[in-house]
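Source file: work.pdb; contents: PDB, C-alpha atoms and all ligand atoms.
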MODEL        1
ATOM      1  CA  MET X 750      -4.669  16.459  35.533  1.00  0.00           C
ATOM      2  CA  ASN X 751      -2.918  19.609  34.359  1.00  0.00           C
ATOM      3  CA  ILE X 752      -2.729  19.901  30.589  1.00  0.00           C
ATOM      4  CA  GLY X 753      -0.249  22.015  28.647  1.00  0.00           C
ATOM      5  CA  VAL X 754      -1.615  22.711  25.182  1.00  0.00           C
ATOM      6  CA  PHE X 755       0.867  23.468  22.365  1.00  0.00           C
ATOM      7  CA  ALA X 756      -0.679  25.197  19.349  1.00  0.00           C
ATOM      8  CA  SER X 757       0.552  27.114  16.308  1.00  0.00           C
ATOM      9  CA  GLY X 758      -2.746  28.173  14.781  1.00  0.00           C
ATOM     10  CA  ARG X 759      -6.378  29.073  15.290  1.00  0.00           C
ATOM     11  CA  GLY X 760      -6.882  26.649  18.193  1.00  0.00           C
ATOM     12  CA  SER X 761     -10.246  25.030  17.524  1.00  0.00           C
ATOM     13  CA  ASN X 762      -9.032  21.783  19.150  1.00  0.00           C
ATOM     14  CA  PHE X 763      -7.820  23.798  22.131  1.00  0.00           C
ATOM     15  CA  GLN X 764     -11.284  25.361  22.314  1.00  0.00           C
ATOM     16  CA  ALA X 765     -12.886  21.887  22.143  1.00  0.00           C
ATOM     17  CA  ILE X 766     -10.708  20.780  25.083  1.00  0.00           C
ATOM     18  CA  LEU X 767     -11.752  23.867  27.069  1.00  0.00           C
ATOM     19  CA  ASN X 768     -15.419  23.240  26.242  1.00  0.00           C
ATOM     20  CA  ALA X 769     -15.110  19.657  27.514  1.00  0.00           C
ATOM     21  CA  ILE X 770     -13.567  20.947  30.742  1.00  0.00           C
ATOM     22  CA  HIS X 771     -16.236  23.631  31.204  1.00  0.00           C
ATOM     23  CA  GLN X 772     -18.997  21.071  30.605  1.00  0.00           C
ATOM     24  CA  GLY X 773     -17.565  18.874  33.370  1.00  0.00           C
ATOM     25  CA  TYR X 774     -16.818  16.075  30.889  1.00  0.00           C
ATOM     26  CA  LEU X 775     -13.034  16.313  31.133  1.00  0.00           C
ATOM     27  CA  PRO X 776     -11.686  16.357  34.710  1.00  0.00           C
ATOM     28  CA  ALA X 777      -8.616  18.467  33.990  1.00  0.00           C
ATOM     29  CA  ARG X 778      -7.281  21.997  33.798  1.00  0.00           C
ATOM     30  CA  VAL X 779      -5.293  23.686  31.087  1.00  0.00           C
ATOM     31  CA  THR X 780      -2.488  25.398  33.003  1.00  0.00           C
ATOM     32  CA  LEU X 781      -0.417  26.534  30.013  1.00  0.00           C
ATOM     33  CA  LEU X 782      -0.867  27.378  26.349  1.00  0.00           C
ATOM     34  CA  LEU X 783       2.452  27.350  24.539  1.00  0.00           C
ATOM     35  CA  SER X 784       2.795  28.646  21.002  1.00  0.00           C
ATOM     36  CA  ASN X 785       5.711  29.084  18.634  1.00  0.00           C
ATOM     37  CA  LYS X 786       3.717  31.800  16.798  1.00  0.00           C
ATOM     38  CA  SER X 787       3.097  35.169  18.426  1.00  0.00           C
ATOM     39  CA  ASP X 788      -0.076  35.698  16.355  1.00  0.00           C
ATOM     40  CA  ALA X 789      -1.684  32.284  16.921  1.00  0.00           C
ATOM     41  CA  GLY X 790      -5.437  32.461  17.507  1.00  0.00           C
ATOM     42  CA  ALA X 791      -4.904  29.912  20.285  1.00  0.00           C
ATOM     43  CA  LEU X 792      -3.044  32.564  22.320  1.00  0.00           C
ATOM     44  CA  GLU X 793      -6.121  34.794  22.191  1.00  0.00           C
ATOM     45  CA  ILE X 794      -8.340  31.931  23.350  1.00  0.00           C
ATOM     46  CA  ALA X 795      -5.969  31.329  26.273  1.00  0.00           C
ATOM     47  CA  ARG X 796      -5.902  34.988  27.262  1.00  0.00           C
ATOM     48  CA  SER X 797      -9.655  35.312  27.185  1.00  0.00           C
ATOM     49  CA  ASN X 798      -9.917  32.239  29.436  1.00  0.00           C
ATOM     50  CA  GLY X 799      -7.297  33.474  31.915  1.00  0.00           C
ATOM     51  CA  ILE X 800      -4.867  30.688  30.968  1.00  0.00           C
ATOM     52  CA  ALA X 801      -1.113  31.340  31.203  1.00  0.00           C
ATOM     53  CA  THR X 802       0.622  31.638  27.860  1.00  0.00           C
ATOM     54  CA  ALA X 803       4.179  31.177  26.664  1.00  0.00           C
ATOM     55  CA  HIS X 804       5.478  32.243  23.283  1.00  0.00           C
ATOM     56  CA  LEU X 805       8.542  30.102  22.727  1.00  0.00           C
ATOM     57  CA  SER X 806      10.129  29.558  19.385  1.00  0.00           C
ATOM     58  CA  GLN X 807      13.440  27.951  18.578  1.00  0.00           C
ATOM     59  CA  LYS X 808      14.304  31.154  16.689  1.00  0.00           C
ATOM     60  CA  GLN X 809      14.545  33.052  19.983  1.00  0.00           C
ATOM     61  CA  PHE X 810      17.349  30.829  21.237  1.00  0.00           C
ATOM     62  CA  PRO X 811      20.933  30.529  20.018  1.00  0.00           C
ATOM     63  CA  ASP X 812      20.937  26.773  20.540  1.00  0.00           C
ATOM     64  CA  GLU X 813      18.616  23.836  21.038  1.00  0.00           C
ATOM     65  CA  GLU X 814      19.707  23.214  24.624  1.00  0.00           C
ATOM     66  CA  LEU X 815      18.583  26.662  25.797  1.00  0.00           C
ATOM     67  CA  TYR X 816      15.315  26.283  23.912  1.00  0.00           C
ATOM     68  CA  VAL X 817      14.645  22.890  25.540  1.00  0.00           C
ATOM     69  CA  ALA X 818      15.500  24.340  28.961  1.00  0.00           C
ATOM     70  CA  ALA X 819      12.988  27.151  28.423  1.00  0.00           C
ATOM     71  CA  VAL X 820      10.231  24.727  27.355  1.00  0.00           C
ATOM     72  CA  LEU X 821      10.895  22.415  30.313  1.00  0.00           C
ATOM     73  CA  ALA X 822      10.968  25.394  32.699  1.00  0.00           C
ATOM     74  CA  ALA X 823       7.571  26.609  31.434  1.00  0.00           C
ATOM     75  CA  LEU X 824       6.141  23.093  31.818  1.00  0.00           C
ATOM     76  CA  LYS X 825       7.507  22.867  35.337  1.00  0.00           C
ATOM     77  CA  GLU X 826       6.324  26.330  36.335  1.00  0.00           C
ATOM     78  CA  HIS X 827       2.773  25.425  35.333  1.00  0.00           C
ATOM     79  CA  ASP X 828       2.970  21.898  36.744  1.00  0.00           C
ATOM     80  CA  VAL X 829       2.009  20.306  33.420  1.00  0.00           C
ATOM     81  CA  HIS X 830       1.300  16.572  33.617  1.00  0.00           C
ATOM     82  CA  VAL X 831       0.188  15.906  30.059  1.00  0.00           C
ATOM     83  CA  ILE X 832       0.969  17.839  26.875  1.00  0.00           C
ATOM     84  CA  ALA X 833      -1.677  18.054  24.152  1.00  0.00           C
ATOM     85  CA  LEU X 834      -0.421  19.153  20.755  1.00  0.00           C
ATOM     86  CA  ALA X 835      -3.297  20.884  19.003  1.00  0.00           C
ATOM     87  CA  GLY X 836      -2.212  22.063  15.583  1.00  0.00           C
ATOM     88  CA  TYR X 837       1.387  22.476  16.730  1.00  0.00           C
ATOM     89  CA  LEU X 838       3.586  22.503  13.665  1.00  0.00           C
ATOM     90  CA  LYS X 839       7.030  22.081  15.198  1.00  0.00           C
ATOM     91  CA  MET X 840       8.878  18.936  16.151  1.00  0.00           C
ATOM     92  CA  ILE X 841       8.976  18.306  19.902  1.00  0.00           C
ATOM     93  CA  PRO X 842      12.653  18.145  20.946  1.00  0.00           C
ATOM     94  CA  THR X 843      13.856  14.677  21.964  1.00  0.00           C
ATOM     95  CA  ALA X 844      14.678  15.850  25.496  1.00  0.00           C
ATOM     96  CA  VAL X 845      11.062  16.959  25.997  1.00  0.00           C
ATOM     97  CA  VAL X 846       9.732  13.665  24.560  1.00  0.00           C
ATOM     98  CA  ARG X 847      11.971  11.816  27.037  1.00  0.00           C
ATOM     99  CA  ALA X 848      10.906  13.953  29.985  1.00  0.00           C
ATOM    100  CA  TYR X 849       7.228  13.402  29.083  1.00  0.00           C
ATOM    101  CA  ARG X 850       7.403   9.849  27.697  1.00  0.00           C
ATOM    102  CA  ASN X 851       3.858   8.568  26.952  1.00  0.00           C
ATOM    103  CA  ARG X 852       2.436  11.855  28.235  1.00  0.00           C
ATOM    104  CA  ILE X 853       2.396  13.867  24.998  1.00  0.00           C
ATOM    105  CA  LEU X 854      -0.611  13.486  22.712  1.00  0.00           C
ATOM    106  CA  ASN X 855      -1.162  14.764  19.203  1.00  0.00           C
ATOM    107  CA  ILE X 856      -4.212  14.981  16.963  1.00  0.00           C
ATOM    108  CA  HIS X 857      -3.712  14.289  13.274  1.00  0.00           C
ATOM    109  CA  PRO X 858      -6.399  14.944  10.629  1.00  0.00           C
ATOM    110  CA  ALA X 859      -6.119  11.555   8.873  1.00  0.00           C
ATOM    111  CA  LEU X 860      -5.989   7.857   9.600  1.00  0.00           C
ATOM    112  CA  LEU X 861      -2.391   7.170  10.608  1.00  0.00           C
ATOM    113  CA  PRO X 862      -0.142   5.437   9.740  1.00  0.00           C
ATOM    114  CA  TRP X 863      -1.268   6.710   6.339  1.00  0.00           C
ATOM    115  CA  PHE X 864      -0.974  10.370   5.344  1.00  0.00           C
ATOM    116  CA  GLY X 865       1.384  11.413   8.125  1.00  0.00           C
ATOM    117  CA  GLY X 866       5.006  12.454   8.500  1.00  0.00           C
ATOM    118  CA  PRO X 867       6.989  15.548   7.548  1.00  0.00           C
ATOM    119  CA  GLY X 868       5.076  17.925   5.267  1.00  0.00           C
ATOM    120  CA  MET X 869       1.749  16.204   5.986  1.00  0.00           C
ATOM    121  CA  TYR X 870      -0.161  18.996   7.675  1.00  0.00           C
ATOM    122  CA  GLY X 871      -3.169  21.176   6.897  1.00  0.00           C
ATOM    123  CA  HIS X 872      -4.512  20.983   3.353  1.00  0.00           C
ATOM    124  CA  HIS X 873      -1.597  18.758   2.242  1.00  0.00           C
ATOM    125  CA  VAL X 874      -3.093  15.892   4.220  1.00  0.00           C
ATOM    126  CA  HIS X 875      -6.576  16.206   2.723  1.00  0.00           C
ATOM    127  CA  GLU X 876      -5.223  16.681  -0.809  1.00  0.00           C
ATOM    128  CA  ALA X 877      -3.210  13.465  -0.463  1.00  0.00           C
ATOM    129  CA  VAL X 878      -6.204  11.589   0.940  1.00  0.00           C
ATOM    130  CA  LEU X 879      -8.455  12.728  -1.939  1.00  0.00           C
ATOM    131  CA  ALA X 880      -5.761  11.873  -4.511  1.00  0.00           C
ATOM    132  CA  SER X 881      -5.445   8.364  -3.070  1.00  0.00           C
ATOM    133  CA  GLY X 882      -9.020   7.467  -3.997  1.00  0.00           C
ATOM    134  CA  MET X 883      -9.767   6.234  -0.479  1.00  0.00           C
ATOM    135  CA  LYS X 884     -13.409   6.260   0.538  1.00  0.00           C
ATOM    136  CA  ILE X 885     -12.812   7.031   4.197  1.00  0.00           C
ATOM    137  CA  SER X 886     -10.642   9.419   6.146  1.00  0.00           C
ATOM    138  CA  GLY X 887     -10.731  10.418   9.786  1.00  0.00           C
ATOM    139  CA  ALA X 888      -8.775  11.657  12.748  1.00  0.00           C
ATOM    140  CA  THR X 889      -6.142  10.018  14.929  1.00  0.00           C
ATOM    141  CA  VAL X 890      -5.055  10.782  18.473  1.00  0.00           C
ATOM    142  CA  HIS X 891      -1.643   9.301  19.106  1.00  0.00           C
ATOM    143  CA  ILE X 892       1.188   9.438  21.595  1.00  0.00           C
ATOM    144  CA  VAL X 893       4.133  11.510  20.460  1.00  0.00           C
ATOM    145  CA  ASP X 894       7.529   9.886  20.111  1.00  0.00           C
ATOM    146  CA  GLU X 895      10.737  11.017  18.434  1.00  0.00           C
ATOM    147  CA  GLU X 896       9.312  10.823  14.876  1.00  0.00           C
ATOM    148  CA  TYR X 897       6.591  12.911  13.220  1.00  0.00           C
ATOM    149  CA  ASP X 898       3.111  11.320  13.421  1.00  0.00           C
ATOM    150  CA  HIS X 899       4.645   7.997  14.421  1.00  0.00           C
ATOM    151  CA  GLY X 900       3.876   7.179  18.078  1.00  0.00           C
ATOM    152  CA  PRO X 901       1.289   4.621  19.257  1.00  0.00           C
ATOM    153  CA  ILE X 902      -2.334   5.238  18.275  1.00  0.00           C
ATOM    154  CA  VAL X 903      -4.812   5.971  21.084  1.00  0.00           C
ATOM    155  CA  ILE X 904      -8.114   6.599  19.260  1.00  0.00           C
ATOM    156  CA  GLN X 905      -9.255   6.905  15.660  1.00  0.00           C
ATOM    157  CA  LYS X 906     -12.582   7.824  14.152  1.00  0.00           C
ATOM    158  CA  THR X 907     -13.493   7.645  10.495  1.00  0.00           C
ATOM    159  CA  VAL X 908     -15.544   9.925   8.261  1.00  0.00           C
ATOM    160  CA  PRO X 909     -16.824   9.102   4.771  1.00  0.00           C
ATOM    161  CA  ILE X 910     -15.324  10.742   1.701  1.00  0.00           C
ATOM    162  CA  GLU X 911     -17.853  12.072  -0.770  1.00  0.00           C
ATOM    163  CA  GLN X 912     -17.552  12.486  -4.526  1.00  0.00           C
ATOM    164  CA  GLN X 913     -17.855  16.288  -4.402  1.00  0.00           C
ATOM    165  CA  ASP X 914     -15.293  16.682  -1.594  1.00  0.00           C
ATOM    166  CA  THR X 915     -12.602  19.322  -1.798  1.00  0.00           C
ATOM    167  CA  PRO X 916      -9.705  19.470   0.696  1.00  0.00           C
ATOM    168  CA  GLU X 917     -11.729  22.151   2.522  1.00  0.00           C
ATOM    169  CA  THR X 918     -14.981  20.182   2.850  1.00  0.00           C
ATOM    170  CA  LEU X 919     -13.101  17.062   3.904  1.00  0.00           C
ATOM    171  CA  ALA X 920     -11.049  19.065   6.440  1.00  0.00           C
ATOM    172  CA  ALA X 921     -14.256  20.438   7.958  1.00  0.00           C
ATOM    173  CA  ARG X 922     -15.795  16.959   8.274  1.00  0.00           C
ATOM    174  CA  VAL X 923     -12.612  15.580   9.855  1.00  0.00           C
ATOM    175  CA  LEU X 924     -12.409  18.564  12.232  1.00  0.00           C
ATOM    176  CA  THR X 925     -15.790  17.721  13.760  1.00  0.00           C
ATOM    177  CA  VAL X 926     -14.500  14.265  14.774  1.00  0.00           C
ATOM    178  CA  GLU X 927     -11.208  15.761  15.995  1.00  0.00           C
ATOM    179  CA  HIS X 928     -13.206  17.865  18.429  1.00  0.00           C
ATOM    180  CA  GLU X 929     -14.961  14.733  19.617  1.00  0.00           C
ATOM    181  CA  ILE X 930     -12.055  12.309  20.047  1.00  0.00           C
ATOM    182  CA  TYR X 931      -9.421  14.644  21.513  1.00  0.00           C
ATOM    183  CA  PRO X 932     -11.417  15.364  24.689  1.00  0.00           C
ATOM    184  CA  LEU X 933     -12.324  11.645  24.814  1.00  0.00           C
ATOM    185  CA  ALA X 934      -8.656  10.609  24.753  1.00  0.00           C
ATOM    186  CA  LEU X 935      -7.671  13.239  27.323  1.00  0.00           C
ATOM    187  CA  LYS X 936     -10.524  12.144  29.585  1.00  0.00           C
ATOM    188  CA  ALA X 937      -9.172   8.576  29.516  1.00  0.00           C
ATOM    189  CA  PHE X 938      -5.717   9.851  30.501  1.00  0.00           C
ATOM    190  CA  ALA X 939      -7.165  12.059  33.239  1.00  0.00           C
ATOM    191  CA  GLU X 940      -9.107   9.120  34.661  1.00  0.00           C
ATOM    192  CA  ASN X 941      -6.146   6.757  34.445  1.00  0.00           C
ATOM    193  CA  ARG X 942      -7.952   4.383  32.095  1.00  0.00           C
ATOM    194  CA  VAL X 943      -5.169   3.980  29.548  1.00  0.00           C
ATOM    195  CA  SER X 944      -2.810   1.030  29.326  1.00  0.00           C
ATOM    196  CA  ILE X 945       0.276   1.450  27.167  1.00  0.00           C
ATOM    197  CA  LYS X 946       2.483  -1.459  26.173  1.00  0.00           C
ATOM    198  CA  GLU X 947       4.848  -0.455  23.402  1.00  0.00           C
ATOM    199  CA  ARG X 948       2.575   0.287  20.402  1.00  0.00           C
ATOM    200  CA  SER X 949      -0.475  -1.227  22.005  1.00  0.00           C
ATOM    201  CA  VAL X 950      -2.608   1.426  23.689  1.00  0.00           C
ATOM    202  CA  TRP X 951      -6.043   0.583  25.069  1.00  0.00           C
ATOM    203  CA  ILE X 952      -8.648   2.582  26.918  1.00  0.00           C
ATOM    204  CA  HIS X 953     -10.755   0.721  29.462  1.00  0.00           C
TER
HETATM  205  C1  LIG E   1      -6.143  20.147  13.023  1.00  0.00           C
HETATM  206  O1  LIG E   1      -6.652  19.681  11.818  1.00  0.00           O
HETATM  207  C2  LIG E   1      -5.221  19.138  13.642  1.00  0.00           C
HETATM  208  O2  LIG E   1      -5.567  17.819  13.360  1.00  0.00           O
HETATM  209  C3  LIG E   1      -3.908  19.449  13.012  1.00  0.00           C
HETATM  210  O3  LIG E   1      -3.888  20.841  12.859  1.00  0.00           O
HETATM  211  C4  LIG E   1      -5.228  21.336  12.828  1.00  0.00           C
HETATM  212  C5  LIG E   1      -5.320  22.330  13.932  1.00  0.00           C
HETATM  213  O4  LIG E   1      -6.541  23.000  13.936  1.00  0.00           O
HETATM  214  N1  LIG E   1      -2.821  18.867  13.750  1.00  0.00           N
HETATM  215  P1  LIG E   1      -6.930  23.915  15.165  1.00  0.00           P
HETATM  216  O5  LIG E   1      -5.824  24.947  15.332  1.00  0.00           O
HETATM  217  O6  LIG E   1      -7.061  23.042  16.381  1.00  0.00           O
HETATM  218  O7  LIG E   1      -8.214  24.555  14.763  1.00  0.00           O
ENDMDL
END
I'd like the structure from this file rewritten - as structure tokens, please.
Amino acid sequence: MNIGVFASGRGSNFQAILNAIHQGYLPARVTLLLSNKSDAGALEIARSNGIATAHLSQKQFPDEELYVAAVLAALKEHDVHVIALAGYLKMIPTAVVRAYRNRILNIHPALLPWFGGPGMYGHHVHEAVLASGMKISGATVHIVDEEYDHGPIVIQKTVPIEQQDTPETLAARVLTVEHEIYPLALKAFAENRVSIKERSVWIH
């Protein structure tokens, strides 16, 4: 399975995916790292692993159609089968969602369907979770559809919330389970062990 990773930031989930591949746990290759940010740490990780990179941002294109065409061309050029969003902060255009229906995954640092949607990224998520008084948080891998953080859930894993937690300490605890469940979900896709029926997604 050829994976195209989309990332806007430091890329620790991208690194976790690469580690899983190098360890022989995840039978896949990352054939493309796409970023909307020219200074994303994820681009550096790709370069140092000899992985093709594309810097594509909507800002570079006069209209959405040309931007979509460029994204689809990069995906085609690198024969991407599955897209893994790993800290990618932009909406995936509808035409790309349609072209890759049920083949785009995202990792979210909370237990969806709570604490997701527009504006719910980075420290905002963990601040909202702590303010809610909940005693657990966690990470969610889900399939991407036309709405932010909305598509069917593939895997979730919880972490406890502790009295002394700050958004930073909670983020760090959640990140460790992100690095565990993202490769797990991708492995299930790579091994064709996922059944998807509307919102019901099961790994067997
Ligand atoms: C992670 O917390 C992920 O859940 C969210 O953005 C963050 C990306 O971190 N979507 P990294 O770039 O993978 O380190």
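You will find atom O7 of ligand LIG 1 (chain E) at 4.9 Å from atom CA of X:Arg759.
Proximity to X:Arg948 was assessed for X:Ile794, X:Asn851, X:Ala844, X:Ser761 counting all atoms listed in the file; the smallest distance is recorded for X:Asn851.
The interatomic distance for the pair atom P1 of ligand LIG 1 (chain E) and atom CA of X:Glu793 works out to 13.0 Å.
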Exercise for the section: Kindly resolve the PyMOL selection byres (((chain X and resi 813-827) around 10) and not hetatm) on the present coordinates and return the residues as a count of residues only. Expected result: 32
Residues contacting ligand LIG 1 (chain E) - anything with an atom at most 7 Å away, using all atoms listed in the file - can you give me those as a PDB file with C-alpha atoms, in the coordinates of the input?
ATOM      1  CA  ALA X 756      -0.679  25.197  19.349  1.00  0.00           C
ATOM      2  CA  SER X 757       0.552  27.114  16.308  1.00  0.00           C
ATOM      3  CA  GLY X 758      -2.746  28.173  14.781  1.00  0.00           C
ATOM      4  CA  ARG X 759      -6.378  29.073  15.290  1.00  0.00           C
ATOM      5  CA  GLY X 760      -6.882  26.649  18.193  1.00  0.00           C
ATOM      6  CA  SER X 761     -10.246  25.030  17.524  1.00  0.00           C
ATOM      7  CA  ASN X 762      -9.032  21.783  19.150  1.00  0.00           C
ATOM      8  CA  PHE X 763      -7.820  23.798  22.131  1.00  0.00           C
ATOM      9  CA  ALA X 835      -3.297  20.884  19.003  1.00  0.00           C
ATOM     10  CA  GLY X 836      -2.212  22.063  15.583  1.00  0.00           C
ATOM     11  CA  TYR X 837       1.387  22.476  16.730  1.00  0.00           C
ATOM     12  CA  ILE X 856      -4.212  14.981  16.963  1.00  0.00           C
ATOM     13  CA  HIS X 857      -3.712  14.289  13.274  1.00  0.00           C
ATOM     14  CA  PRO X 858      -6.399  14.944  10.629  1.00  0.00           C
ATOM     15  CA  TYR X 870      -0.161  18.996   7.675  1.00  0.00           C
ATOM     16  CA  GLY X 871      -3.169  21.176   6.897  1.00  0.00           C
ATOM     17  CA  ALA X 888      -8.775  11.657  12.748  1.00  0.00           C
ATOM     18  CA  ALA X 920     -11.049  19.065   6.440  1.00  0.00           C
ATOM     19  CA  LEU X 924     -12.409  18.564  12.232  1.00  0.00           C
ATOM     20  CA  GLU X 927     -11.208  15.761  15.995  1.00  0.00           C
TER      21      GLU X 927
END
Who sits within 8 Å of X:Pro916, all atoms listed in the file, same chain under 3 positions skipped, as a PDB file with C-alpha atoms, in the coordinates of the input:
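Writing done, so here's part38.pdb:
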ATOM      1  CA  HIS X 872      -4.512  20.983   3.353  1.00  0.00           C
ATOM      2  CA  HIS X 875      -6.576  16.206   2.723  1.00  0.00           C
ATOM      3  CA  GLU X 876      -5.223  16.681  -0.809  1.00  0.00           C
ATOM      4  CA  LEU X 879      -8.455  12.728  -1.939  1.00  0.00           C
ATOM      5  CA  LEU X 919     -13.101  17.062   3.904  1.00  0.00           C
ATOM      6  CA  ALA X 920     -11.049  19.065   6.440  1.00  0.00           C
TER       7      ALA X 920
END
Exercise for the section: Name the residues captured by the PyMOL selection byres (((chain X and resi 910) around 9) and not hetatm) when it is applied to the shown file; answer as a ChimeraX atom specification. Expected result: /X:879,883-886,908-909,911-914,919
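Evaluated against the shown file, the PyMOL selection byres (((chain X and resi 949) around 12) and not hetatm) gives Asn851, His891, Ile892, Gly900, Pro901, Ile902, Val903, Ile904, Val943, Ser944, Ile945, Lys946, Glu947, Arg948, Val950, Trp951 and Ile952 of chain X.
When all atoms listed in the file are used to compute distances to X:Leu861, the closest of the residues X:Leu834, X:Met840, X:Thr889, X:His873 turns out to be X:Thr889.
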